[in-house]
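Peer 1: Okay, here's the structure, questions in a sec.
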Amino acid sequence: MNGSKEYFTLLIALLLTMLCSCGRNAKVMDEAERIVEQSPDSSLALLSTVDRYSLSKSDRARYGLLFTMAQDKSGVDVDMDTLIRQSYIYYKGEPETKYYGLSQYYMGKYYFLNDSTTQCEDCFRNVINNAKERGDVDLQCLALEKLSRSIVLSNTKQSIEYARQGVALYKTSKTRKLANIVFYTLNLAFSYAMDDQKDSAFAYLRQAKGMLNSKIDKVVIADVYYIYSGVYNYFDETDSALYYSCKALEVMHSDKLLISYAFCLQKSDSLEAAEKILRDCVKRCSNQQKYTLYMDLCKMSGKRLFDKQHSDDIDSLDKYTKMYMLDLYSYKGKYFEETINQGRQLERQENAVMVRNGVIFFIVVTVLLLSALVFVNHSKKKALHAQEIKYMQDQYEMELESQRKEKEYLEKEHHLLLESKNKQIALLKNGLFERLELAKKIKDAKGQSSHIVINDNDWNQLHSLLEGGEEYFVSKLKERYPSLSNDEIQMCMLIRIGLSNEDMANIYCITVNSMKRKLYSFKEKMGITDKDQSVRNVIQGL
């Protein structure tokens with residue numbers, strides 16, 4: 001039995017350990033989700049501690065969504081859909097949850113970055129409808145902004161409408177931030193610019209600029225000037241574009257702003273300065289960016305057609321075009337390879353989860369069976385113990401009943417023996433009493449009301465009779481009632497032998513009533529408080 005208990009305890013401990021492991025992953029993801037907005041890098045660090053391949057299907061979908069959110073908020077463009085697609089597919093079946101809207105949003109961003117316009121529009125519209133139903137204003141505004149940007153070249157009027165809705169709606173949000181209002185306003189200005197509505201575009205640009213203050217992040221300020229420069233460039237106002245490009249660089253230094261500045265210099269015919277900036281930037285760029293930059297450099301050096309630099313730029317463009325294409329094919333190959341590996345890993349994971357669930361099921365069934373066996377065994381022992389107790393109780397009650405009957409029988413026998421003995425004693429006493437002189441005197445005086453004289457010899461004979469045949473009557477009387485005088489003891493002796501009040505009145509030469517009063521006075525001396533109890537009854541009961 002002890003071995004069974006140890007095995008049972010071990011199984012319980014193992015089951016709890018497995019459940020705790022599952023619970024730990026859930027807690028880590030809860031914490032990562034809580035801090036993803038304020039500290040996306042910390043959220044990524046937390047999520048990296050989770051064993052993805054031990055997660056259930058639902059937890060895996062949640063993990064993919066949280067990891068994508070943290071990457072996006074850390075400034076990393078999500079150009080691989082391996083993780084987010086799992087979430088996107090899983091949460092399609094749960095449109096009532098917030099995770100549905102988020103998975104649609106980040107899948108839409110993936111399509112947006114990969115120029116899949118139709119797919120990204122569908123995703124963003126799904127986000128808008130879902131967020132509206134759930135009352136999630138912030139997510140609805142994000143989707144409106146992304147939808148506006150995705151169609152800005154194909155449908156400028158609709159792009160403006162979505163951008164305007166995003167600005168108006170975000171101003172009603174309880175958690176609105178000034179930086180985001182600036183950002184949404186810049187998007188509306190850009191949409192107007194793409195629709196060639198110059199006055200409206202600059203009106204919203206001025207509105208965004210007017211919101212800037214010392215508390216706003218310098219990235220936001222730089223973006224305002226960057227958009228200003230881009231819009232001026234679009235409307236061929238080169239000097240203003242160059243001015244705001246310089247203002248953006250004064251706020252923050254980055255390759256994106258340097259390239260924009262070089263583009264403005266190029267349009268203002270400062271080709272040498274623009275070329276110098278681009279050649280400096282090209283050293284730090286990816287192959288895809290180098291391809292784009294060398295296109296611009298070729299245009300600049302093309303004006304010096306027989307210059308050696310132009311020839312070098314043509315060669316570099318060709319080189320990085322090939323490298324870019326190789327990178328692109330490599331990227332696609334890696335993508336498909338990772339997709340295949342991901343499928344295999346998911347299959348292994350599902351098999352592992354099935355094995356784990358099977359083990360858990362086996363453990364639970366085993367624990368339940370052992371619990372049932374322990375319970376049945378305990379119930380049997382309990383029933384047996386109850387039977388033993390009942391048997392012992394029955395035996396005890398039978399023994400008590402036997403003892404009671406035996407006691408009753410003995411008491412009955414004793415009572416009969418006493419009655420017989422008392423009868424014998426009474427007969428003997430009567431026989432002895434009949435022989436006394438006192439008995440003859442009383443017998444002779446019966447019916448004559450004459451005085452009965454009792455001498456010392458008569459008293460001595462009566463004393464001997466009552467002390468012997470009555471089992472020490474006189475001694476017991478003196479012991480119980482020590483306050484009685486000799487005369488009173490003698491009167492008690494007469495009562496004991498059964499003399500009537502008339503006989504006793506003749507002995508003491510008093511009336512019967514006086515004799516009664518005399519006997520009544522004995523009650524106080526003998527301590528008799530019960531009105532119904534007589535002196536005669538007390539004396540006869542000794």
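To be explicit about the labels: the chains of the structure tokens are called A, B, and onward in the order shown, and within each one the residues are counted from 1, while ligands get numbers from 1 in the order they are shown.
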Can you list, as a PyMOL selection string, every protein, DNA or RNA residue that comes within 12 Å of segment 94-103 of chain A when you count only C-alpha atoms, leaving out same-chain residues fewer than 3 positions away?
Peer 2: chain A and resi 33+58-59+61-69+81+83-91+106-110+123-140+142-143
Peer 1: Interatomic distance between atom CA of Cys141 of chain A and atom CA of Ala201 of chain A?
Peer 2: 19.9 Å
Peer 1: Rank A:Glu145, A:Glu250, A:Asp239, A:Asp51 by their smallest atom-to-atom distance to Tyr225 of chain A, using only C-alpha atoms, and report the top residue only.
Peer 2: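 Counting only C-alpha atoms, the residue closest to Tyr225 of chain A is A:Glu250.
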Peer 1: I'd like to know which of A:Asn537, A:Ser514, A:Gln266, A:Ser475 is closest to Ile495 of chain A, using only C-alpha atoms.
Peer 2: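 The shortest atom-to-atom distance to Ile495 of chain A comes from A:Asn537.
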Peer 1: Contacts of Leu257 of chain A at 8 Å or less, counting only C-alpha atoms, minus same-chain residues fewer than 3 places along, as a PyMOL selection string?
Peer 2: chain A and resi 226+245+248-249+253-254+260-261
Peer 1: Run DSSP on the backbone and give me the residues of segment 4-195 of chain A it puts in alpha helix (DSSP H), as a ChimeraX atom specification.
Peer 2: /A:4-35,40-47,57-73,82-91,98-113,117-134,137-150,156-170,178-194
